[in-house]
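A.B. asks: upload_14.txt is reproduced in full below (compact mmCIF, C-alpha atoms).
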```txt
# COMPACT_ATOMS: atom_id res chain seq x y z
CA MET P 1 118.35 65.03 121.86
CA ALA P 2 120.27 62.86 124.22
CA ASP P 3 122.17 64.69 126.95
CA VAL P 4 125.48 63.18 125.99
CA ASN P 5 128.75 65.01 126.22
CA ARG P 6 129.79 65.66 122.64
CA GLY P 7 133.09 67.17 123.71
CA ASN P 8 134.28 70.64 122.89
CA ARG P 9 134.14 70.25 119.13
CA PRO P 10 133.45 73.08 116.70
CA LEU P 11 129.73 73.10 115.85
CA SER P 12 129.87 73.71 112.13
CA PRO P 13 132.17 75.28 109.55
CA HIS P 14 132.00 78.96 110.35
CA LEU P 15 132.28 82.09 108.27
CA THR P 16 135.89 82.74 109.24
CA ILE P 17 137.22 79.59 107.56
CA TYR P 18 135.26 79.98 104.32
CA ARG P 19 136.72 81.68 101.26
CA PRO P 20 134.33 84.50 100.31
CA GLN P 21 132.21 83.36 97.38
CA LEU P 22 129.65 85.17 95.25
CA THR P 23 126.86 82.89 96.45
CA SER P 24 127.61 83.45 100.15
CA MET P 25 128.24 87.20 99.72
CA THR P 26 124.97 87.76 97.83
CA SER P 27 123.15 85.74 100.50
CA ILE P 28 124.61 87.81 103.37
CA LEU P 29 123.91 91.02 101.44
CA THR P 30 120.23 90.01 101.19
CA ARG P 31 120.04 89.83 104.98
CA ILE P 32 122.00 93.06 105.52
CA THR P 33 119.89 95.08 103.05
CA GLY P 34 116.61 93.67 104.36
CA ASN P 35 117.37 94.60 107.95
CA ALA P 36 119.13 97.90 107.22
CA MET P 37 115.99 99.17 105.49
CA LEU P 38 114.45 99.46 108.97
CA ILE P 39 116.18 102.87 109.26
CA ALA P 40 114.55 104.25 106.09
CA ALA P 41 111.19 102.67 106.99
CA LEU P 42 111.19 104.35 110.41
CA LEU P 43 112.20 107.66 108.79
CA ILE P 44 109.24 107.36 106.40
CA VAL P 45 106.83 106.59 109.27
CA TRP P 46 108.23 109.59 111.18
CA TRP P 47 107.75 111.75 108.04
CA PHE P 48 104.11 110.64 107.69
CA LEU P 49 103.45 111.25 111.40
CA ALA P 50 104.93 114.75 111.13
CA ALA P 51 102.83 115.52 108.04
CA ALA P 52 99.73 114.40 109.95
CA THR P 53 100.65 116.49 113.02
CA SER P 54 101.47 120.09 112.06
CA GLU P 55 103.24 122.23 109.47
CA GLY P 56 106.05 123.13 111.86
CA TYR P 57 106.74 119.48 112.76
CA PHE P 58 106.51 118.49 109.09
CA ASN P 59 109.03 121.16 108.06
CA ALA P 60 111.48 119.96 110.72
CA VAL P 61 111.24 116.25 109.81
CA ASN P 62 111.02 116.92 106.06
CA GLY P 63 114.11 119.14 106.40
CA PHE P 64 116.05 116.23 107.90
CA VAL P 65 114.75 113.59 105.45
CA THR P 66 115.57 115.79 102.43
CA SER P 67 118.92 117.03 103.82
CA TRP P 68 122.16 115.66 102.32
CA PHE P 69 122.31 113.10 105.14
CA GLY P 70 118.66 112.10 104.62
CA ASP P 71 119.28 111.89 100.88
CA LEU P 72 122.29 109.65 101.52
CA ILE P 73 120.19 107.28 103.69
CA MET P 74 117.38 107.26 101.11
CA PHE P 75 119.77 106.68 98.18
CA PHE P 76 121.44 103.67 99.79
CA SER P 77 118.06 102.40 100.98
CA VAL P 78 116.76 102.48 97.40
CA LEU P 79 119.87 100.55 96.32
CA GLY P 80 119.28 98.09 99.16
CA LEU P 81 115.58 97.90 98.34
CA TRP P 82 116.14 96.96 94.69
CA TYR P 83 118.91 94.52 95.61
CA HIS P 84 116.70 92.87 98.25
CA THR P 85 113.79 92.76 95.76
CA LEU P 86 115.88 91.07 93.05
CA ALA P 87 117.47 88.69 95.59
CA GLY P 88 113.95 87.93 96.83
CA ILE P 89 112.87 87.03 93.29
CA ARG P 90 115.93 84.73 93.14
CA HIS P 91 114.69 83.04 96.31
CA LEU P 92 111.18 82.67 94.86
CA ILE P 93 112.79 80.95 91.84
CA TRP P 94 114.95 78.73 94.07
CA ASP P 95 111.85 77.72 96.05
CA ASN P 96 110.86 75.67 92.99
CA ALA P 97 114.20 73.81 93.17
CA ILE P 98 115.38 75.28 89.87
CA ALA P 99 118.45 77.37 88.98
CA MET P 100 120.26 76.03 92.03
CA ASP P 101 123.43 74.82 90.30
CA ILE P 102 126.43 77.02 91.06
CA PRO P 103 127.01 78.56 87.57
CA THR P 104 123.33 79.59 87.30
CA ALA P 105 123.21 80.77 90.93
CA GLU P 106 126.30 82.92 90.31
CA LYS P 107 124.81 84.37 87.11
CA LEU P 108 121.65 85.29 89.05
CA GLY P 109 123.85 86.79 91.78
CA TRP P 110 125.53 89.10 89.27
CA ALA P 111 122.07 89.91 87.87
CA CYS P 112 120.97 90.97 91.38
CA ILE P 113 124.03 93.21 91.84
CA GLY P 114 123.94 94.74 88.34
CA GLY P 115 120.15 94.96 88.25
CA SER P 116 119.97 96.78 91.57
CA VAL P 117 122.49 99.40 90.39
CA VAL P 118 120.56 99.92 87.12
CA LEU P 119 117.19 100.15 88.95
CA THR P 120 118.66 102.60 91.48
CA ILE P 121 119.95 104.89 88.69
CA LEU P 122 116.55 104.66 86.95
CA THR P 123 114.76 105.46 90.23
CA ALA P 124 117.03 108.46 90.87
CA LEU P 125 116.34 109.72 87.32
CA ILE P 126 112.55 109.20 87.42
CA VAL P 127 111.80 110.21 91.03
CA MET E 128 114.37 63.20 133.76
CA ALA E 129 117.82 61.65 133.70
CA TYR E 130 116.31 58.15 133.49
CA LEU E 131 114.04 58.93 130.52
CA THR E 132 115.11 57.62 127.16
CA ASP E 133 115.13 60.00 124.17
CA ARG E 134 112.15 58.19 122.66
CA LYS E 135 110.09 58.34 125.86
CA ARG E 136 110.81 62.06 126.23
CA ALA E 137 109.52 62.83 122.74
CA LEU E 138 106.60 60.38 122.72
CA GLY E 139 103.14 61.92 122.43
CA LEU E 140 104.42 65.45 121.96
CA GLY E 141 104.14 65.19 118.22
CA SER E 142 105.02 67.87 115.73
CA ALA E 143 103.69 71.38 116.22
CA LYS E 144 102.50 71.15 112.58
CA THR E 145 103.68 74.71 112.01
CA GLY E 146 107.02 73.88 110.42
CA THR E 147 106.30 75.75 107.20
CA ALA E 148 104.19 78.60 108.65
CA HIS E 149 107.08 81.08 108.84
CA PHE E 150 108.31 80.20 105.35
CA TRP E 151 104.82 80.59 103.93
CA SER E 152 104.27 83.92 105.70
CA MET E 153 107.51 85.25 104.19
CA LYS E 154 106.54 83.96 100.77
CA VAL E 155 103.07 85.59 100.80
CA SER E 156 104.38 88.96 102.02
CA SER E 157 107.31 88.90 99.58
CA VAL E 158 104.99 88.35 96.59
CA ALA E 159 102.71 91.14 97.85
CA LEU E 160 105.70 93.47 98.24
CA LEU E 161 106.83 92.64 94.70
CA ILE E 162 103.70 94.52 93.61
CA LEU E 163 103.56 97.12 96.38
CA ILE E 164 107.19 98.27 96.44
CA PRO E 165 107.35 99.62 92.84
CA LEU E 166 103.96 101.32 93.40
CA PHE E 167 105.19 102.87 96.65
CA VAL E 168 108.58 103.98 95.28
CA PHE E 169 106.94 105.74 92.33
CA THR E 170 104.17 107.41 94.38
CA PHE E 171 106.08 108.32 97.57
CA GLY E 172 109.31 109.19 95.72
CA PRO E 173 107.94 112.04 93.58
CA ALA E 174 105.94 113.37 96.58
CA LEU E 175 109.03 113.54 98.80
CA GLY E 176 110.48 117.05 98.65
CA GLY E 177 107.10 118.73 98.20
CA THR E 178 105.80 121.50 100.46
CA TYR E 179 103.43 120.87 103.40
CA GLU E 180 100.40 121.90 101.31
CA GLU E 181 101.46 119.69 98.39
CA ILE E 182 101.89 116.66 100.68
CA LEU E 183 98.48 117.25 102.32
CA ALA E 184 96.83 117.47 98.89
CA TYR E 185 98.74 114.45 97.50
CA TYR E 186 98.01 112.11 100.41
CA SER E 187 94.33 113.09 100.58
CA ARG E 188 94.02 111.18 97.29
CA PRO E 189 93.01 107.52 97.82
CA TRP E 190 95.56 105.82 95.53
CA PRO E 191 98.85 107.12 97.04
CA ALA E 192 97.40 106.81 100.56
CA ILE E 193 96.24 103.19 100.13
CA VAL E 194 99.52 102.18 98.46
CA ALA E 195 101.54 103.77 101.28
CA ALA E 196 99.43 102.23 104.06
CA LEU E 197 99.48 98.74 102.51
CA THR E 198 103.24 98.95 101.89
CA LEU E 199 103.91 99.88 105.51
CA VAL E 200 101.66 97.11 106.90
CA VAL E 201 102.95 94.32 104.64
CA GLY E 202 106.52 95.68 104.74
CA PHE E 203 106.70 95.73 108.54
CA LYS E 204 105.13 92.23 108.75
CA HIS E 205 107.77 91.00 106.29
CA PHE E 206 110.48 92.81 108.27
CA ASN E 207 109.26 91.28 111.52
CA ASP E 208 109.39 87.75 110.08
CA GLY E 209 112.83 88.41 108.61
CA VAL E 210 114.37 90.00 111.69
CA GLN E 211 113.07 87.07 113.77
CA THR E 212 115.20 84.71 111.67
CA LEU E 213 118.17 87.07 112.01
CA ILE E 214 117.80 87.10 115.81
CA GLU E 215 117.32 83.31 115.99
CA ASP E 216 120.60 82.86 114.09
CA TYR E 217 122.80 85.16 116.19
CA VAL E 218 121.17 85.75 119.60
CA HIS E 219 120.46 82.92 122.03
CA GLY E 220 118.77 82.28 125.37
CA THR E 221 116.77 84.99 127.13
CA ALA E 222 118.26 87.74 124.94
CA ASN E 223 116.79 85.91 121.92
CA LYS E 224 113.26 86.10 123.35
CA VAL E 225 113.65 89.71 124.52
CA ALA E 226 115.01 90.80 121.11
CA ILE E 227 112.18 89.07 119.20
CA ILE E 228 109.54 90.65 121.49
CA LEU E 229 111.11 94.12 121.13
CA MET E 230 111.39 93.90 117.34
CA THR E 231 107.80 92.61 117.10
CA CYS E 232 106.56 95.56 119.18
CA LEU E 233 108.62 97.94 117.03
CA SER E 234 107.33 96.43 113.76
CA TYR E 235 103.65 96.48 114.66
CA GLY E 236 104.02 99.83 116.45
CA ALA E 237 105.67 101.52 113.47
CA ALA E 238 103.08 100.05 111.08
CA ALA E 239 100.23 101.28 113.31
CA ILE E 240 101.71 104.79 113.60
CA GLY E 241 102.23 104.92 109.82
CA VAL E 242 98.67 103.80 109.04
CA PHE E 243 97.24 106.24 111.63
CA ALA E 244 99.22 109.14 110.13
CA ILE E 245 98.25 108.25 106.55
CA ALA E 246 94.57 107.88 107.54
CA ARG E 247 94.71 111.28 109.21
CA LEU E 248 96.25 112.82 106.08
CA ALA E 249 93.78 111.09 103.78
CA LEU E 250 90.55 111.79 105.67
```
If you took the structure in this file and wrote it as structure tokens, what would it be?
C.D. replies:
Amino acid sequence: MADVNRGNRPLSPHLTIYRPQLTSMTSILTRITGNAMLIAALLIVWWFLAAATSEGYFNAVNGFVTSWFGDLIMFFSVLGLWYHTLAGIRHLIWDNAIAMDIPTAEKLGWACIGGSVVLTILTALIV
Amino acid sequence: MAYLTDRKRALGLGSAKTGTAHFWSMKVSSVALLILIPLFVFTFGPALGGTYEEILAYYSRPWPAIVAALTLVVGFKHFNDGVQTLIEDYVHGTANKVAIILMTCLSYGAAAIGVFAIARLAL
């Protein structure tokens, strides 16, 4: 790009001036859930490492992972996991340049939110 | 440099021809995870909460062990690609590079530790 002085203009419309919309909120939520799952993933790796190390270490780590706090992290991670999975399917659909009009995109957004809650309840019941 | 025109500066450099590599990597790992995640949730989930002996017995079976190892490898690769985009959007300059390097080390490191632990349980 040319090294011209473009002045001190705002770069692009930023989050603070946008009205929250379902499409933007479900998009941001996809990013938040995807990255937040790092915590649960590291906990699971730690749990496997402990199981492969010794009974004492396993009992300590397993005690934390299955404590109320561990359960809380796992529960919200399952919710995030199913949301991120459904939102990912929505992206795989969008990649084909279909279902991109706003009414359909909003319907799919509600499907991601509702579907993730239903799948989380099912997971909690089955597992 | 100040006397170069924009065209002259770009001439001969060409495109890196990797414009879609990141997108494609995300797409491949996301489709793989679409299969792996339900398998992992419904093998790891019921095992979680078992005693030490139960876990040793469960993860010495090939199916739960292979599902768990594959999920960790593909999952952390997918995470690494995703977190790179997150960093590129919000962190700039040297901090951008440092953050991407750290998260890449963390992703591959965690995947390696997970696979090592599962292999040790399984074998």
A.B. asks: Which residues are close to range 116-123 of chain P, i.e. within 8 Å by all atoms listed in the file, leaving aside same-chain residues fewer than 6 positions away? Reply as a list in words.
C.D. replies: Phe75, Val78, Leu79, Gly80, Trp82, Tyr83 and Leu86 of chain P
A.B. asks: Write out, as a tab-separated table (two decimals), in the frame of the given file, the residues just selected, with C-alpha atoms.
C.D. replies:
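New file result-v3.tsv:
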```tsv
chain	number	residue	atom	x	y	z
P	75	PHE	CA	119.77	106.68	98.18
P	78	VAL	CA	116.76	102.48	97.40
P	79	LEU	CA	119.87	100.55	96.32
P	80	GLY	CA	119.28	98.09	99.16
P	82	TRP	CA	116.14	96.96	94.69
P	83	TYR	CA	118.91	94.52	95.61
P	86	LEU	CA	115.88	91.07	93.05
```
A.B. asks: Would you list the contacts of Phe167 in chain E as a list in words, taking every protein, DNA or RNA residue within 7 Å and counting only C-alpha atoms, but skipping same-chain residues closer than 3 positions in sequence?
C.D. replies: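 Within the cut-off, the hits are Leu163, Ile164, Thr170, Phe171, Val194, Ala195 and Thr198 of chain E.
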A.B. asks: When you get a sec, could you note down which chain P residues fall within 8 Å of chain E, using all atoms listed in the file, as a PyMOL selection string?
C.D. replies: chain P and resi 1-2+31+34-35+38+41-42+45-46+48-49+51-52+55+58-59+62+66+85+88+92+127
A.B. asks: Could you check how far CA of Cys112 in chain P sits from CA of Arg90 in chain P, in Å to one decimal?
C.D. replies: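 Between CA of Cys112 in chain P and CA of Arg90 in chain P the gap is 8.2 Å.
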A.B. asks: Between CA of Thr30 in chain P and CA of Ala111 in chain P, what is the spacing in Å?
C.D. replies: 13.4 Å
A.B. asks: Quick check, in Å to one decimal: how far apart do CA of Ser187 in chain E and CA of Leu166 in chain E lie?
C.D. replies: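 Computing the Euclidean distance for CA of Ser187 in chain E and CA of Leu166 in chain E yields 16.8 Å.
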A.B. asks: Can you tell me which residues surround Trp110 in chain P at a distance of at most 10 Å, considering all atoms listed in the file, apart from same-chain residues fewer than 6 positions away, and format the answer as a list of chain:residue names?
C.D. replies: P:Leu22, P:Thr23, P:Thr26, P:Thr104, P:Ser116
